[in-house]
>>> print(open('data-v1.cif').read())   # mmCIF, C-alpha atoms and all ligand atoms
data_entry
loop_
_atom_site.label_atom_id
_atom_site.label_comp_id
_atom_site.auth_asym_id
_atom_site.auth_seq_id
_atom_site.Cartn_x
_atom_site.Cartn_y
_atom_site.Cartn_z
CA MET A 1 -45.63 -43.50 16.25
CA ASN A 2 -46.52 -45.29 19.45
CA LYS A 3 -42.95 -45.88 20.52
CA VAL A 4 -39.90 -43.76 21.18
CA ARG A 5 -36.25 -44.56 20.87
CA SER A 6 -34.27 -44.73 24.10
CA SER A 7 -32.75 -41.67 25.78
CA ASN A 8 -29.05 -41.09 26.36
CA PRO A 9 -27.63 -44.34 27.86
CA ARG A 10 -26.09 -42.26 30.67
CA LEU A 11 -29.60 -41.81 32.08
CA GLU A 12 -30.17 -45.53 32.44
CA SER A 13 -28.79 -45.91 35.96
CA LEU A 14 -29.69 -42.38 37.07
CA VAL A 15 -32.22 -42.04 39.87
CA PRO A 16 -33.88 -38.58 39.92
CA TYR A 17 -33.12 -36.52 43.03
CA ASP A 18 -35.91 -37.08 45.54
CA PRO A 19 -36.09 -34.59 48.41
CA LYS A 20 -38.79 -36.75 50.08
CA TYR A 21 -40.69 -33.57 50.77
CA ILE A 22 -44.03 -34.53 52.29
CA PRO A 23 -46.38 -31.90 53.78
CA ALA A 24 -46.25 -32.03 57.61
CA ASP A 25 -47.01 -29.73 60.55
CA VAL A 26 -43.33 -29.33 61.36
CA MET A 27 -41.06 -29.29 58.29
CA ILE A 28 -37.56 -30.08 59.52
CA SER A 29 -36.27 -32.22 56.65
CA ALA A 30 -34.78 -29.78 54.14
CA ASN A 31 -32.60 -27.42 56.21
CA GLU A 32 -34.82 -24.47 55.40
CA ASN A 33 -35.07 -21.45 57.64
CA PRO A 34 -38.07 -21.97 59.98
CA GLN A 35 -39.20 -18.40 59.25
CA SER A 36 -39.98 -16.61 55.98
CA VAL A 37 -38.37 -13.23 55.22
CA PRO A 38 -38.98 -10.40 57.75
CA GLN A 39 -42.01 -8.15 57.03
CA PRO A 40 -39.99 -5.00 56.15
CA VAL A 41 -38.14 -7.01 53.49
CA LEU A 42 -41.41 -8.37 52.13
CA ASP A 43 -42.84 -4.82 51.92
CA ALA A 44 -39.76 -3.59 50.06
CA VAL A 45 -39.92 -6.60 47.70
CA ILE A 46 -43.54 -5.90 46.80
CA ALA A 47 -42.77 -2.24 46.08
CA ARG A 48 -39.84 -3.25 43.89
CA ILE A 49 -41.84 -5.86 41.98
CA GLN A 50 -44.58 -3.33 41.25
CA GLY A 51 -41.99 -1.29 39.36
CA LEU A 52 -40.84 -4.25 37.24
CA LYS A 53 -41.53 -4.52 33.53
CA PHE A 54 -42.65 -8.14 33.23
CA ASN A 55 -42.64 -7.95 29.44
CA ARG A 56 -38.87 -7.34 29.33
CA TYR A 57 -36.12 -9.92 29.74
CA PRO A 58 -34.18 -9.63 32.99
CA ASP A 59 -30.55 -8.49 33.21
CA PRO A 60 -28.97 -11.84 32.20
CA LEU A 61 -26.09 -11.54 34.66
CA ALA A 62 -28.02 -9.74 37.45
CA ASN A 63 -25.29 -7.14 37.75
CA GLU A 64 -26.94 -5.08 40.49
CA LEU A 65 -27.05 -8.19 42.64
CA ARG A 66 -23.48 -9.16 41.72
CA ASP A 67 -22.34 -5.70 42.86
CA ALA A 68 -24.21 -5.97 46.17
CA ILE A 69 -22.64 -9.37 46.87
CA ALA A 70 -19.19 -8.26 45.71
CA GLN A 71 -19.37 -5.31 48.09
CA ALA A 72 -20.40 -7.52 51.01
CA GLU A 73 -17.48 -9.89 50.31
CA GLY A 74 -14.83 -7.27 49.55
CA LEU A 75 -14.61 -8.57 45.96
CA ALA A 76 -15.45 -7.25 42.48
CA ARG A 77 -18.47 -7.91 40.22
CA GLU A 78 -16.22 -10.11 38.06
CA ASN A 79 -15.72 -12.47 41.03
CA VAL A 80 -19.46 -13.19 41.36
CA LEU A 81 -21.99 -15.14 39.28
CA MET A 82 -25.65 -15.75 40.16
CA GLY A 83 -27.54 -18.98 39.52
CA ASN A 84 -31.05 -20.39 39.73
CA GLY A 85 -30.33 -21.79 43.18
CA GLY A 86 -26.97 -23.22 44.10
CA ASP A 87 -28.13 -26.40 42.36
CA GLU A 88 -27.91 -24.80 38.93
CA LEU A 89 -24.33 -23.72 39.59
CA LEU A 90 -23.46 -27.26 40.70
CA PHE A 91 -24.79 -28.48 37.37
CA ASN A 92 -22.82 -25.79 35.55
CA LEU A 93 -19.69 -26.92 37.40
CA ALA A 94 -20.11 -30.44 36.01
CA LEU A 95 -20.72 -29.02 32.52
CA ALA A 96 -17.72 -26.71 32.59
CA TRP A 97 -15.13 -28.80 34.44
CA GLY A 98 -16.52 -32.34 33.95
CA GLY A 99 -17.44 -34.40 30.92
CA PRO A 100 -16.25 -37.64 29.31
CA GLY A 101 -12.62 -38.38 30.15
CA ARG A 102 -12.64 -36.01 33.14
CA LYS A 103 -12.62 -36.75 36.88
CA MET A 104 -14.37 -35.32 39.93
CA LEU A 105 -13.12 -36.00 43.44
CA ASN A 106 -16.06 -36.57 45.80
CA VAL A 107 -15.99 -36.98 49.58
CA PRO A 108 -18.99 -39.09 50.62
CA PRO A 109 -21.25 -39.19 52.48
CA THR A 110 -22.16 -35.74 51.21
CA PHE A 111 -24.76 -33.91 49.08
CA SER A 112 -25.97 -36.49 46.50
CA VAL A 113 -26.52 -33.87 43.78
CA TYR A 114 -22.76 -33.77 43.06
CA LYS A 115 -22.59 -37.39 41.99
CA ASN A 116 -25.81 -37.16 39.95
CA ASN A 117 -24.44 -34.22 37.96
CA ALA A 118 -21.21 -36.12 37.34
CA GLN A 119 -23.09 -39.14 36.02
CA LEU A 120 -25.29 -36.97 33.84
CA THR A 121 -22.29 -35.31 32.20
CA GLY A 122 -20.26 -38.52 31.84
CA THR A 123 -17.73 -37.41 34.45
CA GLU A 124 -15.81 -40.13 36.31
CA VAL A 125 -16.33 -39.93 40.09
CA VAL A 126 -13.33 -40.63 42.33
CA ASP A 127 -14.61 -41.21 45.87
CA VAL A 128 -12.41 -40.53 48.89
CA PRO A 129 -14.78 -41.58 51.69
CA ARG A 130 -14.94 -39.86 55.06
CA LYS A 131 -13.71 -41.70 58.15
CA GLU A 132 -16.03 -43.70 60.36
CA ASP A 133 -16.84 -40.61 62.48
CA TYR A 134 -17.58 -38.73 59.22
CA THR A 135 -14.59 -36.40 59.52
CA LEU A 136 -12.51 -35.80 56.39
CA ASP A 137 -9.70 -38.24 55.58
CA GLU A 138 -7.39 -35.29 54.97
CA GLU A 139 -4.31 -37.31 54.10
CA ALA A 140 -6.16 -39.48 51.59
CA ILE A 141 -7.68 -36.43 49.87
CA LEU A 142 -4.32 -34.66 49.58
CA ASP A 143 -2.64 -37.85 48.35
CA ARG A 144 -5.28 -38.40 45.69
CA LEU A 145 -5.17 -34.81 44.48
CA SER A 146 -1.38 -34.87 44.25
CA GLN A 147 -1.60 -37.60 41.58
CA GLY A 148 -2.55 -34.72 39.28
CA ASP A 149 -5.39 -36.31 37.29
CA ILE A 150 -8.39 -34.78 39.12
CA ASP A 151 -10.15 -32.00 37.18
CA PHE A 152 -12.34 -30.73 40.02
CA ALA A 153 -13.24 -31.55 43.60
CA ILE A 154 -16.10 -30.56 45.88
CA ILE A 155 -15.59 -30.10 49.61
CA THR A 156 -18.69 -29.12 51.54
CA SER A 157 -18.16 -27.01 54.62
CA PRO A 158 -20.23 -27.42 56.73
CA ASN A 159 -20.88 -30.79 55.12
CA ASN A 160 -24.43 -31.90 54.37
CA PRO A 161 -25.61 -34.12 56.06
CA THR A 162 -22.79 -34.64 58.58
CA GLY A 163 -22.42 -31.02 59.78
CA ASP A 164 -18.62 -30.84 60.13
CA VAL A 165 -16.46 -28.04 58.71
CA ALA A 166 -13.22 -28.38 56.74
CA SER A 167 -10.47 -26.48 58.54
CA ARG A 168 -8.92 -23.48 56.82
CA ASP A 169 -5.46 -25.04 57.13
CA PHE A 170 -6.65 -28.15 55.35
CA LEU A 171 -8.39 -26.19 52.58
CA LEU A 172 -5.18 -24.22 51.98
CA LYS A 173 -3.29 -27.52 51.59
CA VAL A 174 -5.96 -28.77 49.19
CA LEU A 175 -5.63 -25.63 47.07
CA ASP A 176 -1.87 -26.15 46.85
CA ALA A 177 -2.01 -29.93 46.26
CA SER A 178 -2.86 -29.61 42.54
CA ASP A 179 -4.35 -27.27 39.94
CA ALA A 180 -7.75 -29.00 40.15
CA LEU A 181 -10.65 -26.58 40.54
CA ILE A 182 -11.70 -26.86 44.20
CA MET A 183 -15.30 -26.00 44.96
CA VAL A 184 -15.91 -25.27 48.62
CA ASP A 185 -19.68 -25.58 49.03
CA GLU A 186 -20.52 -23.01 51.73
CA ALA A 187 -24.33 -23.40 51.58
CA TYR A 188 -24.40 -23.29 55.40
CA CYS A 189 -21.47 -20.96 56.18
CA GLU A 190 -23.72 -18.39 57.89
CA PHE A 191 -24.22 -20.96 60.66
CA SER A 192 -20.52 -21.87 60.99
CA LYS A 193 -19.32 -18.28 60.48
CA GLU A 194 -16.32 -19.61 58.56
CA THR A 195 -15.56 -18.84 54.94
CA ILE A 196 -12.60 -19.01 52.59
CA ALA A 197 -14.15 -16.69 50.00
CA SER A 198 -11.68 -13.82 50.46
CA LEU A 199 -8.95 -15.99 48.88
CA VAL A 200 -10.51 -16.38 45.42
CA ASN A 201 -8.09 -13.97 43.76
CA GLU A 202 -5.02 -15.42 45.50
CA HIS A 203 -5.97 -19.00 44.61
CA LYS A 204 -7.19 -19.24 41.03
CA ASN A 205 -8.37 -22.83 41.61
CA LEU A 206 -10.75 -21.83 44.44
CA LEU A 207 -14.49 -21.66 43.82
CA VAL A 208 -16.98 -20.94 46.61
CA LEU A 209 -20.69 -21.80 46.40
CA ARG A 210 -23.32 -19.92 48.41
CA THR A 211 -27.11 -19.93 48.52
CA PHE A 212 -29.96 -17.74 49.73
CA SER A 213 -32.01 -20.88 50.44
CA LYS A 214 -30.92 -21.59 54.00
CA ALA A 215 -29.86 -18.69 56.26
CA TYR A 216 -31.68 -16.10 54.10
CA SER A 217 -35.08 -17.83 53.98
CA LEU A 218 -35.34 -17.98 50.15
CA ALA A 219 -35.54 -21.73 49.39
CA GLY A 220 -38.76 -21.03 47.47
CA VAL A 221 -37.18 -18.32 45.32
CA ARG A 222 -34.13 -20.16 43.83
CA MET A 223 -31.07 -17.97 44.16
CA GLY A 224 -27.45 -18.98 44.64
CA TYR A 225 -24.06 -17.68 43.60
CA ILE A 226 -20.43 -18.58 43.14
CA LEU A 227 -17.32 -16.60 44.05
CA ALA A 228 -14.13 -17.21 42.07
CA CYS A 229 -11.41 -15.47 40.09
CA PRO A 230 -12.68 -13.77 36.89
CA GLU A 231 -11.14 -16.48 34.64
CA VAL A 232 -13.22 -19.20 36.33
CA ILE A 233 -16.37 -17.07 36.30
CA THR A 234 -15.95 -16.59 32.52
CA GLU A 235 -16.04 -20.36 31.96
CA PHE A 236 -19.27 -20.62 33.95
CA VAL A 237 -20.80 -17.82 31.87
CA LYS A 238 -20.14 -19.94 28.75
CA VAL A 239 -22.25 -22.89 29.98
CA ARG A 240 -25.05 -21.12 31.84
CA GLN A 241 -28.54 -20.51 30.50
CA PRO A 242 -28.68 -16.77 29.79
CA TYR A 243 -31.92 -16.00 31.64
CA SER A 244 -31.94 -18.59 34.39
CA VAL A 245 -32.14 -15.91 37.09
CA ASP A 246 -35.48 -14.18 36.60
CA ALA A 247 -36.30 -10.55 37.35
CA VAL A 248 -38.61 -11.29 40.30
CA SER A 249 -35.98 -13.43 42.02
CA GLN A 250 -33.36 -10.75 41.36
CA ALA A 251 -35.60 -8.14 43.01
CA ILE A 252 -36.20 -10.33 46.05
CA ALA A 253 -32.54 -11.22 46.56
CA LEU A 254 -31.54 -7.59 46.17
CA GLU A 255 -33.85 -6.56 49.03
CA VAL A 256 -32.50 -9.41 51.16
CA MET A 257 -28.95 -8.18 50.52
CA ARG A 258 -29.94 -4.62 51.47
CA ASN A 259 -31.48 -5.89 54.72
CA LYS A 260 -28.99 -8.59 55.65
CA ASP A 261 -28.81 -7.24 59.21
CA LEU A 262 -32.45 -8.22 59.81
CA PHE A 263 -31.51 -11.88 59.38
CA GLN A 264 -28.59 -11.88 61.81
CA LEU A 265 -30.61 -12.27 65.02
CA ARG A 266 -32.55 -15.18 63.50
CA ILE A 267 -29.34 -16.90 62.42
CA ASP A 268 -27.90 -16.51 65.92
CA GLN A 269 -31.10 -17.94 67.41
CA ILE A 270 -30.78 -21.02 65.18
CA ILE A 271 -27.15 -21.43 66.26
CA ALA A 272 -28.20 -21.21 69.92
CA GLN A 273 -31.09 -23.64 69.37
CA ARG A 274 -28.71 -26.07 67.64
CA ALA A 275 -26.82 -26.50 70.92
CA VAL A 276 -30.04 -26.91 72.91
CA LEU A 277 -31.39 -29.50 70.47
CA ALA A 278 -28.09 -31.40 70.29
CA GLY A 279 -28.00 -31.65 74.09
CA ALA A 280 -31.59 -32.84 74.34
CA LEU A 281 -31.18 -35.45 71.58
CA ALA A 282 -27.90 -36.76 73.00
CA ALA A 283 -29.66 -37.31 76.33
CA LEU A 284 -32.05 -39.82 74.70
CA GLU A 285 -31.15 -43.49 75.04
CA GLY A 286 -29.94 -45.03 71.76
CA VAL A 287 -29.32 -41.71 69.98
CA SER A 288 -25.85 -40.45 68.97
CA VAL A 289 -25.56 -36.87 67.73
CA TYR A 290 -22.72 -35.76 65.46
CA PRO A 291 -21.20 -32.34 66.15
CA SER A 292 -22.67 -29.80 63.70
CA ARG A 293 -21.75 -26.27 62.64
CA ALA A 294 -24.79 -26.02 60.33
CA ASN A 295 -28.56 -25.63 60.92
CA TYR A 296 -29.17 -29.38 61.17
CA LEU A 297 -28.02 -32.35 63.21
CA LEU A 298 -27.19 -35.82 61.96
CA VAL A 299 -28.21 -38.48 64.46
CA LYS A 300 -27.44 -42.17 64.37
CA LEU A 301 -29.80 -44.54 66.15
CA ASP A 302 -28.64 -47.65 67.96
CA SER A 303 -28.43 -50.66 65.60
CA LYS A 304 -31.26 -52.34 67.55
CA ILE A 305 -33.59 -49.50 66.48
CA ASP A 306 -35.08 -49.30 62.95
CA ALA A 307 -34.47 -45.68 61.93
CA GLY A 308 -36.82 -45.95 58.95
CA ALA A 309 -39.66 -46.96 61.26
CA VAL A 310 -38.81 -44.12 63.67
CA TRP A 311 -38.91 -41.69 60.70
CA GLN A 312 -42.46 -42.90 59.87
CA GLN A 313 -43.60 -42.61 63.49
CA LEU A 314 -42.24 -39.05 63.68
CA LEU A 315 -44.16 -38.22 60.50
CA ASP A 316 -47.32 -39.74 62.00
CA ARG A 317 -46.88 -37.22 64.84
CA GLY A 318 -46.44 -34.31 62.42
CA TYR A 319 -42.62 -34.10 62.28
CA LEU A 320 -40.97 -34.52 58.88
CA VAL A 321 -37.23 -35.21 59.27
CA ARG A 322 -34.87 -36.55 56.60
CA ASP A 323 -34.45 -40.32 56.42
CA PHE A 324 -30.93 -41.36 55.43
CA SER A 325 -31.24 -44.84 56.91
CA ARG A 326 -30.96 -46.52 53.50
CA SER A 327 -28.23 -44.22 52.11
CA ALA A 328 -24.72 -45.61 51.65
CA GLY A 329 -22.52 -44.83 54.65
CA LEU A 330 -25.40 -43.30 56.62
CA GLU A 331 -27.09 -46.48 57.84
CA ASN A 332 -29.59 -45.86 60.66
CA CYS A 333 -29.15 -42.07 60.39
CA LEU A 334 -31.73 -39.29 60.39
CA ARG A 335 -31.06 -35.61 59.73
CA ILE A 336 -33.03 -33.08 61.74
CA THR A 337 -33.17 -29.40 60.76
CA VAL A 338 -32.98 -26.97 63.68
CA GLY A 339 -36.38 -25.30 63.89
CA LEU A 340 -38.03 -22.84 66.24
CA GLU A 341 -37.68 -23.45 69.98
CA ASN A 342 -41.14 -25.04 70.35
CA GLU A 343 -40.64 -27.21 67.24
CA ASN A 344 -37.35 -28.54 68.59
CA ALA A 345 -38.83 -29.26 72.00
CA GLY A 346 -41.80 -31.03 70.41
CA LEU A 347 -39.52 -33.12 68.21
CA VAL A 348 -37.45 -34.26 71.19
CA GLN A 349 -40.59 -35.17 73.11
CA ALA A 350 -42.03 -37.12 70.16
CA LEU A 351 -38.76 -38.99 69.60
CA ASP A 352 -38.50 -39.79 73.31
CA GLN A 353 -42.00 -41.28 73.29
CA ILE A 354 -41.31 -43.33 70.14
CA LEU A 355 -38.03 -44.71 71.48
CA LYS A 356 -39.69 -45.68 74.78
CA GLY A 357 -42.21 -47.63 72.69
C1 LIG A 401 -29.11 -26.55 49.97
C2 LIG A 401 -27.77 -26.85 49.41
C3 LIG A 401 -27.27 -26.23 48.25
C4 LIG A 401 -28.00 -25.26 47.38
O1 LIG A 401 -29.34 -25.30 47.41
P1 LIG A 401 -30.19 -24.33 46.47
O2 LIG A 401 -31.51 -24.30 47.13
O3 LIG A 401 -30.21 -24.95 45.11
O4 LIG A 401 -29.52 -22.99 46.45
C5 LIG A 401 -25.98 -26.53 47.85
N1 LIG A 401 -25.23 -27.37 48.53
C6 LIG A 401 -25.65 -27.98 49.64
C7 LIG A 401 -24.74 -28.90 50.35
C8 LIG A 401 -26.94 -27.75 50.11
O5 LIG A 401 -27.36 -28.40 51.19
#
>>> encode(input="data-v1.cif", output="structure tokens", more="lines below")
Ligand SMILES: *Cc1c(COP(=O)(O)O)cnc(C)c1O
Amino acid sequence: MNKVRSSNPRLESLVPYDPKYIPADVMISANENPQSVPQPVLDAVIARIQGLKFNRYPDPLANELRDAIAQAEGLARENVLMGNGGDELLFNLALAWGGPGRKMLNVPPTFSVYKNNAQLTGTEVVDVPRKEDYTLDEEAILDRLSQGDIDFAIITSPNNPTGDVASRDFLLKVLDASDALIMVDEAYCEFSKETIASLVNEHKNLLVLRTFSKAYSLAGVRMGYILACPEVITEFVKVRQPYSVDAVSQAIALEVMRNKDLFQLRIDQIIAQRAVLAGALAALEGVSVYPSRANYLLVKLDSKIDAGAVWQQLLDRGYLVRDFSRSAGLENCLRITVGLENENAGLVQALDQILKG
């Protein structure tokens, strides 16, 4: 046969996620940690991997890792579930709580993966847009949830790409506004030092998402996890692929957990550099910087400047940032990941030169 019948009609309008990841000297587009894991962790990882039996299937639930995370969070193994990156768990959320006839509350502009997963699973998306300054429209979100028809909602804190956090008071109101499952995506919480995870047993509709990809330097490894009450975790276990978290990744994440302290100084350096970079960018003519509690800054360029062209000129000089200039609600915006001190200084200098023409 030289033809094939069409795929699921739901795919028709779906655009595959494109990270726009182009090799460059300075990679500051994907909110990765500018440094790989510390050498002592790498040494321990290699020793651990040498002891692995590659011919055997991994522990499907990665229980050793679940225990290490549970201990760090003051929770139990039954409150934790690992995934192949946070992205897999976001997909599992749409599978378990979405589907035809079900509704997800989304708060754009935010991480585009949420909406894609909803479309893929036939879930209706109910958007409650952020305000003009990208802060949450708290009243509108609470009002919408109180109608009682939302099955799950995702609130990202700090939000990607805008950088703002949802206040604890607001999240508590959200959790009480309905019985919808509320995912708080805390992919960047190590940089905001705020988390709501300790409440997962008190609030059965609370689900927290975390990842090793950002603060813990493991974007290349694919490891994320959720924290929730055991009843919610059980539903995720039903939809997950049994062996999605491989033995090598489990070994690596376990050594990172055992050596978490070695990452703390680096995280604090990124937080300090975030303030330096924000100040330097805000001092440039035609650049507005949004306040950020994460490891990136969203900047909006003056409407007289073509942000897409600036993005290309930065790339020509070796700096890959994220271009959001054609994304809904983010017109003329770029997102810049906080890098090492010299990378940040170089970026500011390059942008200054480009803007001065
Ligand atoms: C990076 C990110 C994740 C998870 O990324 P993984 O690499 O799949 O773990 C989840 N949510 C947001 C908002 C992110 O930016």
>>> residues_around(input="data-v1.cif", residues="Leu334 of chain A", least_positions_apart="6", cutoff="9 Å", atoms="all atoms listed in the file", output="short mmCIF file (atom, residue, chain, number, x, y, z; two decimals) with C-alpha atoms, in the frame of the given file")
data_model
loop_
_atom_site.label_atom_id
_atom_site.label_comp_id
_atom_site.auth_asym_id
_atom_site.auth_seq_id
_atom_site.Cartn_x
_atom_site.Cartn_y
_atom_site.Cartn_z
CA LEU A 297 -28.02 -32.35 63.21
CA LEU A 298 -27.19 -35.82 61.96
CA VAL A 299 -28.21 -38.48 64.46
CA LYS A 300 -27.44 -42.17 64.37
CA LEU A 301 -29.80 -44.54 66.15
CA ALA A 307 -34.47 -45.68 61.93
CA GLY A 308 -36.82 -45.95 58.95
CA TRP A 311 -38.91 -41.69 60.70
CA VAL A 321 -37.23 -35.21 59.27
CA ARG A 322 -34.87 -36.55 56.60
CA ASP A 323 -34.45 -40.32 56.42
CA PHE A 324 -30.93 -41.36 55.43
CA SER A 325 -31.24 -44.84 56.91
#
>>> closest_residue(input="data-v1.cif", among="A:Glu202, A:Glu255, A:Asp268, A:Asp67", to="Val45 of chain A", atoms="all atoms listed in the file")
A:Glu255
>>> closest_residue(input="data-v1.cif", among="A:Thr234, A:Ser288, A:Gln264, A:Asn205", to="Arg77 of chain A", atoms="all atoms listed in the file")
A:Thr234
>>> residues_around(input="data-v1.cif", residues="Thr195 of chain A", least_positions_apart="5", cutoff="9 Å", atoms="only C-alpha atoms", output="short mmCIF file (atom, residue, chain, number, x, y, z; two decimals) with C-alpha atoms, in the frame of the given file")
data_model
loop_
_atom_site.label_atom_id
_atom_site.label_comp_id
_atom_site.auth_asym_id
_atom_site.auth_seq_id
_atom_site.Cartn_x
_atom_site.Cartn_y
_atom_site.Cartn_z
CA SER A 157 -18.16 -27.01 54.62
CA ARG A 168 -8.92 -23.48 56.82
CA GLU A 186 -20.52 -23.01 51.73
CA CYS A 189 -21.47 -20.96 56.18
CA GLU A 190 -23.72 -18.39 57.89
CA VAL A 208 -16.98 -20.94 46.61
#
>>> closest_residue(input="data-v1.cif", among="A:Pro38, A:Gly318, A:Gly98, A:Pro108", to="ligand LIG 401 (chain A)", atoms="only C-alpha atoms and all ligand atoms")
A:Pro108
>>> closest_residue(input="data-v1.cif", among="A:Ala345, A:Ala197, A:Ala219, A:Leu262", to="Ser249 of chain A", atoms="only C-alpha atoms")
A:Ala219
>>> residues_around(input="data-v1.cif", residues="Ser244 of chain A", least_positions_apart="6", cutoff="12 Å", atoms="only C-alpha atoms", output="list in words")
Tyr57, Pro58, Asp59, Pro60, Leu61, Ala62, Leu81, Met82, Gly83, Asn84, Gly85, Gly86, Asp87, Glu88, Leu89, Asn92, Arg222, Met223, Gly224, Val237 and Gln250 of chain A
>>> write_last_selection(input="data-v1.cif", atoms="C-alpha atoms", output="compact mmCIF listing (two decimals), in the coordinates of the input")
# COMPACT_ATOMS: atom_id res chain seq x y z
CA TYR A 57 -36.12 -9.92 29.74
CA PRO A 58 -34.18 -9.63 32.99
CA ASP A 59 -30.55 -8.49 33.21
CA PRO A 60 -28.97 -11.84 32.20
CA LEU A 61 -26.09 -11.54 34.66
CA ALA A 62 -28.02 -9.74 37.45
CA LEU A 81 -21.99 -15.14 39.28
CA MET A 82 -25.65 -15.75 40.16
CA GLY A 83 -27.54 -18.98 39.52
CA ASN A 84 -31.05 -20.39 39.73
CA GLY A 85 -30.33 -21.79 43.18
CA GLY A 86 -26.97 -23.22 44.10
CA ASP A 87 -28.13 -26.40 42.36
CA GLU A 88 -27.91 -24.80 38.93
CA LEU A 89 -24.33 -23.72 39.59
CA ASN A 92 -22.82 -25.79 35.55
CA ARG A 222 -34.13 -20.16 43.83
CA MET A 223 -31.07 -17.97 44.16
CA GLY A 224 -27.45 -18.98 44.64
CA VAL A 237 -20.80 -17.82 31.87
CA GLN A 250 -33.36 -10.75 41.36
>>> residues_around(input="data-v1.cif", residues="Asp185 of chain A", least_positions_apart="2", cutoff="10 Å", atoms="all atoms listed in the file", output="ChimeraX atom specification")
/A:86,90,111,154-160,182-183,187-189,195,207-211,226
>>> closest_residue(input="data-v1.cif", among="A:Tyr319, A:Met104, A:Gly51, A:Val184", to="Ile22 of chain A", atoms="all atoms listed in the file")
A:Tyr319
>>> atom_distance(input="data-v1.cif", atom1="atom CA of Ser192 of chain A", atom2="atom CA of Glu73 of chain A")
16.3 Å
>>> residues_around(input="data-v1.cif", residues="segment 117-134 of chain A", least_positions_apart="6", cutoff="7 Å", atoms="all atoms listed in the file", output="list in words")
Arg10, Leu11, Phe91, Ala94, Leu95, Gly98, Gly99, Pro100, Gly101, Arg102, Lys103, Met104, Leu105, Asn106, Val107, Pro108, Pro109, Ala140, Ile141 and Thr162 of chain A
>>> atom_distance(input="data-v1.cif", atom1="atom CA of Asp43 of chain A", atom2="atom CA of Val80 of chain A")
27.0 Å
>>> decode(input="data-v1.cif", residues="segment 19-30 of chain A", atoms="N, CA, C and O atoms", output="PDB file, in the first residue's frame")
ATOM      1  N   PRO A  19      11.255  23.124  21.130  1.00  0.00           N
ATOM      2  CA  PRO A  19      12.047  23.900  22.092  1.00  0.00           C
ATOM      3  C   PRO A  19      12.976  24.923  21.414  1.00  0.00           C
ATOM      4  O   PRO A  19      13.596  25.718  22.090  1.00  0.00           O
ATOM      5  N   LYS A  20      13.038  24.926  20.103  1.00  0.00           N
ATOM      6  CA  LYS A  20      13.905  25.861  19.358  1.00  0.00           C
ATOM      7  C   LYS A  20      15.320  25.835  19.920  1.00  0.00           C
ATOM      8  O   LYS A  20      15.905  26.864  20.251  1.00  0.00           O
ATOM      9  N   TYR A  21      15.820  24.627  20.035  1.00  0.00           N
ATOM     10  CA  TYR A  21      17.105  24.378  20.686  1.00  0.00           C
ATOM     11  C   TYR A  21      18.182  24.292  19.608  1.00  0.00           C
ATOM     12  O   TYR A  21      18.296  23.282  18.917  1.00  0.00           O
ATOM     13  N   ILE A  22      18.924  25.363  19.427  1.00  0.00           N
ATOM     14  CA  ILE A  22      19.923  25.451  18.372  1.00  0.00           C
ATOM     15  C   ILE A  22      21.294  25.518  19.045  1.00  0.00           C
ATOM     16  O   ILE A  22      21.462  26.273  20.007  1.00  0.00           O
ATOM     17  N   PRO A  23      22.283  24.750  18.604  1.00  0.00           N
ATOM     18  CA  PRO A  23      23.592  24.826  19.260  1.00  0.00           C
ATOM     19  C   PRO A  23      24.136  26.258  19.214  1.00  0.00           C
ATOM     20  O   PRO A  23      24.059  26.920  18.184  1.00  0.00           O
ATOM     21  N   ALA A  24      24.672  26.739  20.332  1.00  0.00           N
ATOM     22  CA  ALA A  24      25.242  28.086  20.408  1.00  0.00           C
ATOM     23  C   ALA A  24      26.324  28.067  21.484  1.00  0.00           C
ATOM     24  O   ALA A  24      26.362  27.159  22.320  1.00  0.00           O
ATOM     25  N   ASP A  25      27.182  29.083  21.465  1.00  0.00           N
ATOM     26  CA  ASP A  25      28.248  29.160  22.484  1.00  0.00           C
ATOM     27  C   ASP A  25      27.648  29.287  23.878  1.00  0.00           C
ATOM     28  O   ASP A  25      28.091  28.635  24.817  1.00  0.00           O
ATOM     29  N   VAL A  26      26.647  30.139  23.995  1.00  0.00           N
ATOM     30  CA  VAL A  26      26.038  30.378  25.309  1.00  0.00           C
ATOM     31  C   VAL A  26      24.566  29.975  25.227  1.00  0.00           C
ATOM     32  O   VAL A  26      23.758  30.629  24.579  1.00  0.00           O
ATOM     33  N   MET A  27      24.236  28.853  25.893  1.00  0.00           N
ATOM     34  CA  MET A  27      22.883  28.288  25.822  1.00  0.00           C
ATOM     35  C   MET A  27      22.063  28.830  26.988  1.00  0.00           C
ATOM     36  O   MET A  27      22.162  28.327  28.107  1.00  0.00           O
ATOM     37  N   ILE A  28      21.260  29.849  26.724  1.00  0.00           N
ATOM     38  CA  ILE A  28      20.460  30.441  27.793  1.00  0.00           C
ATOM     39  C   ILE A  28      18.993  30.542  27.351  1.00  0.00           C
ATOM     40  O   ILE A  28      18.322  31.531  27.591  1.00  0.00           O
ATOM     41  N   SER A  29      18.532  29.451  26.705  1.00  0.00           N
ATOM     42  CA  SER A  29      17.163  29.443  26.184  1.00  0.00           C
ATOM     43  C   SER A  29      16.246  28.467  26.911  1.00  0.00           C
ATOM     44  O   SER A  29      15.031  28.551  26.774  1.00  0.00           O
ATOM     45  N   ALA A  30      16.800  27.494  27.633  1.00  0.00           N
ATOM     46  CA  ALA A  30      15.946  26.395  28.115  1.00  0.00           C
ATOM     47  C   ALA A  30      15.928  26.270  29.639  1.00  0.00           C
ATOM     48  O   ALA A  30      15.479  25.251  30.167  1.00  0.00           O
TER      49      ALA A  30
END
